[in-house]
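As provided, start.txt (compact mmCIF, C-alpha atoms and all ligand atoms) reads as follows.
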# COMPACT_ATOMS: atom_id res chain seq x y z
CA MET A 224 18.88 9.86 17.02
CA LYS A 225 18.80 6.09 16.74
CA LYS A 226 15.83 6.09 14.32
CA ARG A 227 17.45 8.80 12.20
CA GLY A 228 20.40 6.51 11.83
CA LEU A 229 18.16 3.75 10.56
CA THR A 230 16.42 5.97 7.99
CA PHE A 231 19.77 7.13 6.73
CA LYS A 232 21.01 3.56 6.46
CA VAL A 233 17.90 2.40 4.60
CA ILE A 234 18.13 5.24 2.08
CA THR A 235 21.85 4.63 1.57
CA ALA A 236 21.13 0.92 1.04
CA LEU A 237 18.42 1.78 -1.46
CA LEU A 238 20.78 3.95 -3.49
CA LEU A 239 23.65 1.44 -3.27
CA GLY A 240 21.31 -1.39 -4.33
CA ALA A 241 20.07 0.62 -7.30
CA VAL A 242 23.62 1.50 -8.38
CA ALA A 243 24.83 -2.10 -7.96
CA GLY A 244 21.85 -3.47 -9.90
CA LEU A 245 22.20 -0.89 -12.65
CA LEU A 246 25.96 -1.32 -13.13
CA LEU A 247 25.73 -5.10 -13.20
CA ASN A 248 22.78 -4.97 -15.61
CA LEU A 249 24.67 -2.67 -17.97
CA TYR A 250 28.23 -3.96 -17.77
CA ALA A 251 28.30 -7.41 -16.26
CA PRO A 252 25.01 -9.30 -16.72
CA ASP A 253 26.86 -12.60 -16.21
CA VAL A 254 28.17 -11.50 -12.83
CA PHE A 255 24.64 -10.34 -11.95
CA ASN A 256 23.30 -13.80 -12.75
CA ILE A 257 25.75 -15.30 -10.25
CA VAL A 258 25.54 -12.68 -7.50
CA ASN A 259 21.76 -12.29 -7.69
CA PRO A 260 20.62 -15.76 -6.56
CA TYR A 261 23.35 -16.10 -3.92
CA LEU A 262 23.41 -12.65 -2.42
CA PHE A 263 20.72 -10.18 -3.50
CA VAL A 264 17.76 -12.57 -3.53
CA PRO A 265 18.54 -14.18 -0.13
CA LEU A 266 19.06 -10.78 1.53
CA GLY A 267 15.77 -9.50 0.13
CA GLN A 268 13.78 -12.63 0.83
CA ILE A 269 15.01 -12.96 4.42
CA PHE A 270 13.94 -9.38 5.14
CA LEU A 271 10.59 -9.93 3.42
CA ALA A 272 9.99 -13.11 5.43
CA LEU A 273 10.95 -11.38 8.68
CA ILE A 274 8.44 -8.58 8.30
CA SER A 275 5.75 -10.79 6.78
CA MET A 276 6.12 -13.04 9.83
CA LEU A 277 4.82 -10.21 12.02
CA VAL A 278 1.90 -9.02 9.89
CA VAL A 279 -0.90 -11.38 10.95
CA PRO A 280 -0.25 -11.43 14.72
CA LEU A 281 0.44 -7.70 14.77
CA VAL A 282 -2.71 -6.71 12.88
CA PHE A 283 -4.86 -9.07 14.93
CA LEU A 284 -3.51 -8.15 18.36
CA SER A 285 -3.33 -4.42 17.76
CA LEU A 286 -6.82 -4.26 16.27
CA VAL A 287 -8.36 -6.27 19.14
CA LEU A 288 -6.61 -3.89 21.52
CA GLY A 289 -7.69 -0.89 19.48
CA VAL A 290 -11.36 -1.84 19.39
CA ALA A 291 -11.34 -2.75 23.08
CA GLY A 292 -9.70 0.61 23.79
CA LEU A 293 -12.38 2.56 21.92
CA GLY A 294 -14.83 1.71 24.62
CA ASP A 295 -17.82 2.70 22.53
CA PRO A 296 -19.03 0.67 19.51
CA ALA A 297 -20.61 3.81 18.01
CA LYS A 298 -17.14 5.30 17.72
CA LEU A 299 -16.08 2.33 15.61
CA GLY A 300 -19.03 2.83 13.26
CA ARG A 301 -18.23 6.52 12.88
CA MET A 302 -14.58 5.79 12.19
CA GLY A 303 -15.53 3.13 9.67
CA ILE A 304 -17.77 5.45 7.69
CA LYS A 305 -15.20 8.27 7.67
CA THR A 306 -12.41 5.94 6.64
CA ILE A 307 -14.27 4.22 3.82
CA THR A 308 -15.64 7.51 2.45
CA TYR A 309 -12.13 8.95 2.46
CA PHE A 310 -10.73 5.88 0.70
CA LEU A 311 -13.37 5.96 -2.03
CA LEU A 312 -13.06 9.69 -2.62
CA THR A 313 -9.28 9.77 -2.80
CA THR A 314 -9.14 6.75 -5.10
CA THR A 315 -11.57 8.53 -7.43
CA ILE A 316 -9.39 11.65 -7.37
CA ALA A 317 -6.33 9.48 -8.08
CA ILE A 318 -7.84 7.90 -11.16
CA LEU A 319 -9.09 11.26 -12.45
CA ILE A 320 -5.56 12.70 -12.17
CA ALA A 321 -4.23 9.63 -14.01
CA LEU A 322 -6.77 9.80 -16.83
CA SER A 323 -6.28 13.54 -17.33
CA LEU A 324 -2.49 13.28 -17.53
CA ALA A 325 -2.60 10.27 -19.85
CA ALA A 326 -5.13 12.02 -22.10
CA VAL A 327 -2.89 15.08 -22.42
CA VAL A 328 0.51 13.37 -22.78
CA GLN A 329 -0.78 10.39 -24.81
CA PRO A 330 2.01 7.93 -23.89
CA GLY A 331 0.44 5.27 -26.13
CA LEU A 332 1.31 7.33 -29.21
CA ALA A 333 4.92 7.85 -28.13
CA GLY A 334 6.40 4.90 -30.02
CA ASP A 335 5.72 1.86 -32.16
CA PHE A 336 4.61 -0.88 -29.85
CA ASP A 337 4.66 -4.48 -30.98
CA LEU A 338 0.98 -5.25 -30.64
CA GLU A 339 1.26 -8.64 -32.34
CA ALA A 340 3.75 -9.90 -29.75
CA ALA A 341 1.77 -8.63 -26.77
CA THR A 342 0.07 -11.44 -24.92
CA PHE A 343 -1.35 -11.79 -21.46
CA GLU A 344 -3.25 -14.65 -19.94
CA ALA A 345 -5.87 -13.09 -17.69
CA GLU A 346 -6.13 -14.93 -14.42
CA GLU A 347 -9.54 -15.21 -12.88
CA ALA A 348 -9.75 -12.06 -10.74
CA PRO A 349 -11.94 -12.48 -7.66
CA SER A 350 -15.26 -10.72 -8.15
CA ILE A 351 -15.81 -7.71 -5.92
CA ALA A 352 -19.15 -9.04 -4.68
CA GLN A 353 -17.43 -12.25 -3.69
CA THR A 354 -14.70 -10.39 -1.80
CA LEU A 355 -17.31 -8.40 0.11
CA MET A 356 -19.42 -11.42 0.92
CA ASN A 357 -16.37 -13.30 2.11
CA ILE A 358 -15.38 -10.83 4.78
CA ILE A 359 -16.91 -12.89 7.57
CA PRO A 360 -14.48 -15.70 8.32
CA LYS A 361 -16.14 -19.09 8.51
CA ASN A 362 -12.95 -20.28 10.12
CA PRO A 363 -10.89 -17.56 11.82
CA LEU A 364 -7.83 -19.78 12.11
CA ALA A 365 -7.93 -20.50 8.39
CA ALA A 366 -8.21 -16.75 7.77
CA MET A 367 -5.05 -16.21 9.80
CA MET A 368 -3.22 -19.01 8.08
CA GLU A 369 -4.10 -17.61 4.67
CA GLY A 370 -3.37 -14.07 5.81
CA ASN A 371 -6.83 -12.99 4.66
CA MET A 372 -6.67 -9.43 5.94
CA LEU A 373 -10.35 -8.46 5.65
CA GLN A 374 -11.43 -11.58 7.52
CA ILE A 375 -8.81 -11.04 10.20
CA ILE A 376 -10.04 -7.45 10.62
CA VAL A 377 -13.65 -8.59 11.05
CA PHE A 378 -12.74 -11.28 13.58
CA ALA A 379 -10.54 -8.86 15.56
CA VAL A 380 -13.38 -6.32 15.67
CA PHE A 381 -15.74 -8.98 17.09
CA ILE A 382 -13.25 -10.03 19.76
CA GLY A 383 -12.49 -6.40 20.65
CA LEU A 384 -16.19 -5.62 21.03
CA ALA A 385 -16.67 -8.69 23.22
CA LEU A 386 -13.76 -7.67 25.45
CA THR A 387 -15.27 -4.19 25.87
CA THR A 388 -18.67 -5.58 26.76
CA LEU A 389 -17.40 -8.26 29.12
CA GLY A 390 -15.07 -5.82 30.91
CA GLU A 391 -13.71 -7.18 34.21
CA LYS A 392 -14.66 -10.76 33.36
CA THR A 393 -12.10 -10.92 30.53
CA LYS A 394 -9.47 -8.63 31.97
CA GLY A 395 -6.93 -11.45 31.82
CA ILE A 396 -7.32 -11.90 28.07
CA LEU A 397 -7.10 -8.17 27.52
CA ASN A 398 -3.83 -8.11 29.45
CA LEU A 399 -2.59 -11.00 27.35
CA VAL A 400 -3.45 -9.16 24.13
CA GLU A 401 -1.74 -6.05 25.44
CA GLN A 402 1.41 -7.97 26.25
CA GLY A 403 1.30 -9.83 22.95
CA ASN A 404 1.09 -6.50 21.17
CA GLU A 405 4.12 -5.24 23.12
CA ILE A 406 6.07 -8.27 21.96
CA MET A 407 5.11 -7.64 18.35
CA MET A 408 6.13 -3.98 18.48
CA TYR A 409 9.45 -4.96 20.04
CA LEU A 410 10.02 -7.47 17.24
CA VAL A 411 9.22 -4.85 14.60
CA GLY A 412 12.05 -2.75 16.00
CA LEU A 413 14.36 -5.74 15.98
CA VAL A 414 13.52 -6.83 12.45
CA MET A 415 13.97 -3.28 11.18
CA LYS A 416 17.64 -3.50 12.09
CA PHE A 417 17.94 -5.84 9.12
CA ALA A 418 16.07 -3.40 6.85
CA PRO A 419 19.14 -1.80 5.21
CA TYR A 420 20.48 -5.20 4.07
CA GLY A 421 17.07 -6.38 2.90
CA THR A 422 16.42 -3.16 1.03
CA PHE A 423 19.79 -3.40 -0.66
CA GLY A 424 19.05 -6.94 -1.86
CA LEU A 425 15.49 -6.22 -3.00
CA ILE A 426 16.44 -3.11 -4.96
CA ALA A 427 19.54 -4.68 -6.53
CA THR A 428 17.43 -7.61 -7.77
CA ALA A 429 14.64 -5.37 -9.05
CA VAL A 430 16.89 -2.94 -10.89
CA GLY A 431 19.36 -5.56 -12.09
CA SER A 432 16.77 -7.81 -13.64
CA GLN A 433 14.88 -5.06 -15.48
CA GLY A 434 15.37 -4.85 -19.21
CA LEU A 435 16.70 -1.32 -19.42
CA SER A 436 16.05 -1.01 -23.15
CA ALA A 437 12.43 -1.96 -22.48
CA MET A 438 12.32 0.87 -19.99
CA GLN A 439 13.48 3.39 -22.58
CA ALA A 440 10.68 2.48 -24.98
CA MET A 441 8.17 2.79 -22.18
CA GLY A 442 9.69 6.02 -20.87
CA SER A 443 6.72 8.26 -21.38
CA TYR A 444 4.26 5.70 -19.93
CA MET A 445 6.43 5.44 -16.83
CA LEU A 446 6.85 9.19 -16.52
CA VAL A 447 3.11 9.82 -16.75
CA ILE A 448 2.50 7.32 -13.92
CA LEU A 449 5.29 8.72 -11.76
CA ALA A 450 4.05 12.29 -12.34
CA ALA A 451 0.48 11.31 -11.44
CA LEU A 452 1.71 9.56 -8.27
CA LEU A 453 3.67 12.64 -7.28
CA ILE A 454 0.77 15.02 -7.95
CA HIS A 455 -1.58 12.81 -5.95
CA ALA A 456 0.84 12.59 -3.02
CA VAL A 457 1.49 16.33 -2.91
CA VAL A 458 -2.00 17.63 -3.68
CA THR A 459 -4.37 15.01 -2.26
CA TYR A 460 -2.37 13.72 0.70
CA GLY A 461 -0.60 17.03 1.32
CA GLY A 462 -4.04 18.68 1.25
CA THR A 463 -5.48 16.08 3.62
CA VAL A 464 -2.68 16.57 6.11
CA PHE A 465 -2.77 20.36 5.87
CA PHE A 466 -6.49 21.12 5.64
CA LEU A 467 -8.15 18.15 7.32
CA ALA A 468 -5.55 17.04 9.87
CA LYS A 469 -4.14 20.55 10.45
CA LYS A 470 -0.55 19.36 10.36
CA SER A 471 2.46 20.16 8.18
CA PRO A 472 2.70 17.99 5.02
CA VAL A 473 6.50 18.33 5.13
CA TRP A 474 6.55 16.91 8.65
CA PHE A 475 4.19 14.11 7.56
CA PHE A 476 6.28 12.96 4.61
CA LYS A 477 9.55 13.35 6.50
CA GLU A 478 8.41 11.18 9.39
CA PHE A 479 6.64 8.64 7.18
CA PHE A 480 9.49 8.35 4.70
CA PRO A 481 11.11 5.21 6.21
CA ALA A 482 7.81 3.33 5.76
CA MET A 483 7.66 4.53 2.15
CA THR A 484 11.14 3.17 1.48
CA VAL A 485 10.15 -0.22 2.91
CA ALA A 486 7.00 -0.22 0.72
CA PHE A 487 9.14 0.78 -2.23
CA SER A 488 11.57 -2.07 -1.75
CA THR A 489 9.02 -4.76 -0.87
CA SER A 490 6.14 -3.71 -3.22
CA SER A 491 3.73 -4.90 -0.58
CA SER A 492 1.36 -2.67 1.39
CA THR A 493 0.42 -5.55 3.65
CA GLY A 494 4.03 -6.55 4.25
CA THR A 495 4.89 -2.97 5.18
CA LEU A 496 2.13 -2.77 7.84
CA PRO A 497 4.38 -3.47 10.85
CA VAL A 498 6.57 -0.52 9.89
CA SER A 499 3.85 1.87 8.70
CA MET A 500 1.76 1.29 11.85
CA ASP A 501 4.79 1.72 14.08
CA ILE A 502 5.60 5.08 12.49
CA ALA A 503 1.98 6.29 12.48
CA GLN A 504 1.64 5.50 16.19
CA ASN A 505 5.02 6.59 17.46
CA LYS A 506 6.06 9.38 15.09
CA LEU A 507 2.82 10.79 13.70
CA ASN A 508 1.11 10.35 17.08
CA VAL A 509 -1.98 8.65 15.66
CA PRO A 510 -3.78 6.97 18.59
CA LYS A 511 -3.36 3.19 18.51
CA PRO A 512 -7.05 2.34 18.06
CA ILE A 513 -7.26 4.55 14.97
CA SER A 514 -3.99 3.44 13.40
CA SER A 515 -4.71 -0.24 13.96
CA PHE A 516 -8.14 0.07 12.36
CA VAL A 517 -7.45 2.44 9.44
CA GLN A 518 -4.08 1.17 8.23
CA PRO A 519 -4.72 -2.59 7.88
CA LEU A 520 -8.06 -1.78 6.25
CA GLY A 521 -6.33 0.67 3.90
CA ALA A 522 -3.56 -1.78 3.04
CA THR A 523 -6.31 -4.11 1.86
CA ILE A 524 -8.88 -1.90 0.15
CA ASN A 525 -7.27 1.50 -0.50
CA MET A 526 -4.83 1.54 -3.41
CA ASP A 527 -4.64 4.96 -4.98
CA GLY A 528 -1.27 4.32 -6.59
CA THR A 529 -2.61 1.14 -8.15
CA ALA A 530 -5.67 2.99 -9.48
CA ILE A 531 -3.33 5.56 -11.05
CA MET A 532 -1.39 2.85 -12.85
CA GLN A 533 -4.63 1.27 -14.03
CA GLY A 534 -5.97 4.58 -15.36
CA VAL A 535 -2.80 5.40 -17.27
CA ALA A 536 -2.40 1.82 -18.51
CA THR A 537 -5.98 1.75 -19.81
CA LEU A 538 -5.54 4.91 -21.86
CA PHE A 539 -2.05 3.82 -22.93
CA ILE A 540 -3.39 0.53 -24.27
CA ALA A 541 -6.34 2.24 -25.98
CA GLN A 542 -3.97 4.72 -27.63
CA ALA A 543 -1.46 2.05 -28.68
CA TYR A 544 -4.24 0.00 -30.30
CA GLY A 545 -5.73 3.14 -31.90
CA LEU A 546 -9.03 2.83 -30.02
CA GLU A 547 -11.06 5.75 -28.67
CA LEU A 548 -12.98 5.68 -25.40
CA THR A 549 -16.29 7.54 -25.10
CA THR A 550 -17.13 9.65 -22.04
CA ALA A 551 -19.42 6.89 -20.78
CA GLU A 552 -16.59 4.38 -21.17
CA LEU A 553 -14.23 6.69 -19.28
CA ALA A 554 -16.78 6.84 -16.45
CA THR A 555 -16.84 3.03 -16.48
CA VAL A 556 -13.05 3.01 -16.20
CA VAL A 557 -13.25 5.28 -13.13
CA LEU A 558 -15.81 3.05 -11.48
CA THR A 559 -14.11 -0.25 -12.22
CA ALA A 560 -10.70 1.09 -11.21
CA VAL A 561 -12.12 2.13 -7.83
CA LEU A 562 -13.62 -1.35 -7.44
CA ALA A 563 -10.39 -2.97 -8.62
CA SER A 564 -8.53 -0.98 -6.00
CA ILE A 565 -10.77 -2.47 -3.32
CA GLY A 566 -10.24 -5.96 -4.70
CA THR A 567 -6.46 -5.68 -5.13
CA ALA A 568 -4.53 -7.48 -2.41
CA GLY A 569 -1.62 -5.54 -0.93
CA VAL A 570 1.04 -7.80 -2.37
CA PRO A 571 3.37 -7.41 -5.36
CA GLY A 572 1.94 -7.33 -8.84
CA VAL A 573 -1.74 -7.89 -8.14
CA GLY A 574 -2.65 -4.45 -9.49
CA LEU A 575 -1.67 -5.63 -12.95
CA ILE A 576 -3.91 -8.69 -12.70
CA MET A 577 -6.82 -6.51 -11.67
CA LEU A 578 -6.11 -4.30 -14.70
CA ALA A 579 -7.65 -7.10 -16.78
CA MET A 580 -10.97 -6.35 -15.11
CA VAL A 581 -10.75 -2.64 -15.96
CA LEU A 582 -9.82 -3.35 -19.57
CA SER A 583 -12.60 -5.88 -20.08
CA SER A 584 -15.17 -3.46 -18.67
CA VAL A 585 -14.66 -1.26 -21.72
CA ASN A 586 -13.81 -4.04 -24.18
CA LEU A 587 -10.14 -3.17 -24.57
CA PRO A 588 -7.77 -6.04 -25.45
CA VAL A 589 -6.52 -7.69 -22.24
CA ALA A 590 -3.45 -8.81 -24.24
CA GLY A 591 -2.39 -5.15 -24.05
CA ILE A 592 -1.19 -5.87 -20.51
CA GLY A 593 1.68 -7.68 -22.25
CA LEU A 594 2.94 -4.24 -23.35
CA VAL A 595 3.34 -2.91 -19.82
CA ILE A 596 4.18 -6.02 -17.82
CA GLY A 597 7.92 -5.88 -18.52
CA ILE A 598 8.44 -2.62 -16.69
CA ASP A 599 5.78 -3.06 -14.04
CA ARG A 600 8.10 -4.06 -11.20
CA LEU A 601 9.60 -0.60 -10.79
CA LEU A 602 6.19 1.04 -11.06
CA ASP A 603 4.78 -1.42 -8.52
CA MET A 604 7.44 -0.27 -6.07
CA SER A 605 6.53 3.39 -6.55
CA ARG A 606 2.77 2.92 -6.40
CA THR A 607 3.00 0.81 -3.23
CA ALA A 608 4.82 3.68 -1.49
CA ILE A 609 1.88 5.92 -2.46
CA ASN A 610 -0.73 3.32 -1.50
CA ILE A 611 0.45 3.21 2.10
CA SER A 612 0.86 7.00 2.36
CA GLY A 613 -2.86 7.35 1.62
CA ASP A 614 -3.67 5.06 4.53
CA ALA A 615 -1.45 7.03 6.89
CA ALA A 616 -2.89 10.38 5.73
CA CYS A 617 -6.38 8.99 6.37
CA ALA A 618 -5.38 7.80 9.85
CA LEU A 619 -4.10 11.29 10.64
CA TYR A 620 -7.32 12.86 9.38
CA VAL A 621 -9.55 10.48 11.38
CA ALA A 622 -7.40 11.09 14.47
CA GLU A 623 -7.82 14.85 14.15
CA THR A 624 -11.61 14.73 13.71
CA GLU A 625 -11.99 12.33 16.64
CA LYS A 626 -9.85 14.57 18.82
CA LYS A 627 -11.97 17.58 17.90
CA ARG A 628 -15.14 15.69 18.68
CA GLU A 629 -13.83 14.66 22.07
CA LEU A 630 -12.82 18.21 22.93
CA LYS A 631 -16.29 19.42 21.95
CA MET A 632 -17.94 16.75 24.08
CA GLU A 633 -15.76 17.70 27.04
CA LYS A 634 -16.75 21.34 26.71
CA ALA A 635 -20.45 20.55 26.37
N1 LIG A 701 1.87 -3.97 -4.79
C1 LIG A 701 0.73 -3.16 -4.53
C2 LIG A 701 0.54 -3.03 -3.03
O1 LIG A 701 0.88 -3.91 -2.29
C3 LIG A 701 -0.51 -3.67 -5.19
C4 LIG A 701 -0.35 -3.58 -6.68
O2 LIG A 701 -0.59 -2.51 -7.24
O3 LIG A 701 0.03 -4.56 -7.30
O4 LIG A 701 0.07 -2.04 -2.56

How would this structure read if it were set down as structure tokens?
Amino acid sequence: MKKRGLTFKVITALLLGAVAGLLLNLYAPDVFNIVNPYLFVPLGQIFLALISMLVVPLVFLSLVLGVAGLGDPAKLGRMGIKTITYFLLTTTIAILIALSLAAVVQPGLAGDFDLEAATFEAEEAPSIAQTLMNIIPKNPLAAMMEGNMLQIIVFAVFIGLALTTLGEKTKGILNLVEQGNEIMMYLVGLVMKFAPYGTFGLIATAVGSQGLSAMQAMGSYMLVILAALLIHAVVTYGGTVFFLAKKSPVWFFKEFFPAMTVAFSTSSSTGTLPVSMDIAQNKLNVPKPISSFVQPLGATINMDGTAIMQGVATLFIAQAYGLELTTAELATVVLTAVLASIGTAGVPGVGLIMLAMVLSSVNLPVAGIGLVIGIDRLLDMSRTAINISGDAACALYVAETEKKRELKMEKA
């Protein structure tokens, strides 16, 4: 009953924030400029800081606990292979849905876009090889200070394995980790009490500061992305939950919805981790070891919503510039978008920076990003909600297969 109340409050806050932002944007932009920095921004930023504060300790402690709880290193390897295969496959499906829709609807031909004015300075995107090589933290404390999720995951796995092997000798540390994890979960619950206010502020700022006329011109681009996100959620994730995890997709989305609203308002998969892990463990009944391994990994390397945006944006830019892509080039787009999804950090706006990599791989003008950047904030919110749903669906699927395996072993 208590949780229901919170979900209801968060959704109400989301709607109120959107209405407040929209009305001020349309009828009183001056009032918005006063209210925004003194009310909306502080509310949003305080909430963001509160949940971000918990991410690093929570991921570290719960993953150490998870790996130690697995008991068997082989289980970790099996889970890792399943998870990464699932991530790669679903990201490929996501980008194929995006490319097909964008090829049929052709949003890049839906208006006259000012190509001369479009500019974008591509930042140096980290190379994928570099990201992969860097996953072993030379300095684990530095990794925690920077919030380098992949490095934190690797270090936690090592510590967890050591605790399993050393058993009785390190029982004290294991207890400490357990208690630390309890503290973090308690704090997640506490911080979430502020969620309705934070959501209100974040949404009001996002909606209020969007150029609404810009949104009209980009209407069909936005609709294609939103449609592709919806199709992917219903078909791919719904299918995963129904066929692979043998659960009801309606139940899944209903229970997971509060996490999706937090992802929507914060635009950060990583920032949403405390909430998405809490719901996966306590509402979707995903065992802790699986949730604390799959979800932080997914928040870092699995971004289906981002791949969808990149697929649609690539075709949109090609169409707007009157350029055709060959089949081989389309295959390159699929491959680079999957890689870009791995390399995209789960924080706001990075997907757009990684789009530069996808565009350059097929020699499309990177300046084209200038066409879509103005309306990216609202799309970022939507794709982040999808990004984290993919991680939760995967956790549910891994949990089901592990359960089946255990049952089989017991019988044998
Ligand atoms: N904001 C997205 C996320 O955190 C990443 C992106 O597409 O920019 O999942």

Original post:
Is there a way to get, as an MDAnalysis selection string, all residues within 12 Å of the point (5.5, 3.8, -28.5) in file coordinates, counting all atoms listed in the file?
Top reply: chainID A and resid 329:338 437:445 539:540 542:545 594:595

**OP:** List every protein, DNA or RNA residue that has an atom no more than 8 Å from (0.8, -7.6, -16.2) in the file's coordinate frame, counting all atoms listed in the file, and report them as a ChimeraX atom specification.
**Re:** /A:343,572,575-576,578,592-593,595-597,599

**OP:** Select, from A:Gly566, A:Pro419, A:Gly412, A:Pro512, the residue with the minimum atom-to-atom distance to ligand LIG 701 (chain A), counting all atoms listed in the file.
**Re:**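 Among A:Gly566, A:Pro419, A:Gly412, A:Pro512, it is A:Gly566 that comes nearest to ligand LIG 701 (chain A).
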
Subject >> Shell around range 283-296 of chain A at 7 Å using all atoms listed in the file, local window under 4 positions removed, as a list of chain:residue names >> reply: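 Near range 283-296 of chain A, the qualifying residues are A:Val279, A:Gly300, A:Ile375, A:Ile376, A:Ala379, A:Val380, A:Ile382, A:Gly383, A:Leu384, A:Leu386, A:Thr387, A:Val400, A:Glu401, A:Gly403, A:Asn404, A:Lys511, A:Pro512, A:Ser515, A:Phe516.
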
Subject >> Close residues to ligand LIG 701 (chain A) using only C-alpha atoms and all ligand atoms, limit 8 Å, as a list in words >> reply: Ala486, Ser490, Ser491, Ser492, Thr493, Gly494, Ala522, Met526, Gly528, Thr529, Ala530, Met532, Thr567, Ala568, Gly569, Val570, Pro571, Gly572, Val573, Gly574, Leu575, Ile576, Asp603, Met604, Arg606, Thr607, Ala608, Asn610 and Ile611 of chain A

Subject >> For CA of Ala297 in chain A and CA of Gly395 in chain A, the interatomic separation in Å (one decimal) >> reply: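 Going from CA of Ala297 in chain A over to CA of Gly395 in chain A, I get 24.7 Å.
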
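Taking only C-alpha atoms into account, Val282 in chain A lies nearest to A:Leu496 out of the set A:Leu496, A:Ala352, A:Leu364, A:Val328.
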
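With CA of Leu319 in chain A on one side and CA of Leu538 in chain A on the other, the separation reads 11.9 Å.
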
Subject >> Interatomic distance (Å, one decimal) between CA of Phe479 in chain A and CA of Lys416 in chain A >> reply: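 CA of Lys416 in chain A lies 17.1 Å from CA of Phe479 in chain A.
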
Original post:
Counting all atoms listed in the file, what is within 12 Å of Phe465 in chain A, bar same-chain residues fewer than 5 positions away, as a PyMOL selection string?
Top reply: chain A and resi 457-460+470-476+616-617+619-620+623

Original post:
Near range 253-260 of chain A, within 9 Å and counting all atoms listed in the file, which residues show up once chain neighbours fewer than 3 positions away are dropped, as an MDAnalysis selection string?
Top reply: chainID A and resid 244 247:248 250 263:265 424 427:428 431:432

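Among A:Ala272, A:Ala563, A:Ile524, A:Leu446, the residue with the shortest atom-to-atom distance to Tyr309 in chain A, counting only C-alpha atoms, is A:Ile524.
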
Subject >> Distance criterion (only C-alpha atoms): nearest to Thr306 in chain A out of A:Gln518, A:Thr550, A:Asn586, A:Ser605 >> reply: A:Gln518

Expected axis-aligned box over every listed atom of range 625-633 of chain A, 3 Å added per side, centre plus edges in Å to one decimal, as AutoDock Vina command-line options:
--center_x -13.9 --center_y 15.9 --center_z 21.8 --size_x 14.1 --size_y 13.1 --size_z 16.4

Subject >> Residue neighbourhood Thr235 in chain A, 9 Å, all atoms listed in the file, exclusion window fewer than 4 positions, as a PyMOL selection string >> reply: chain A and resi 230-231+239-240+419+423

Subject >> Nearest to Arg600 in chain A by atom-to-atom distance, counting only C-alpha atoms, from A:Glu629, A:Gln433, A:Thr624, A:Lys305 >> reply: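 With only C-alpha atoms as the atom set, the closest residue is A:Gln433.
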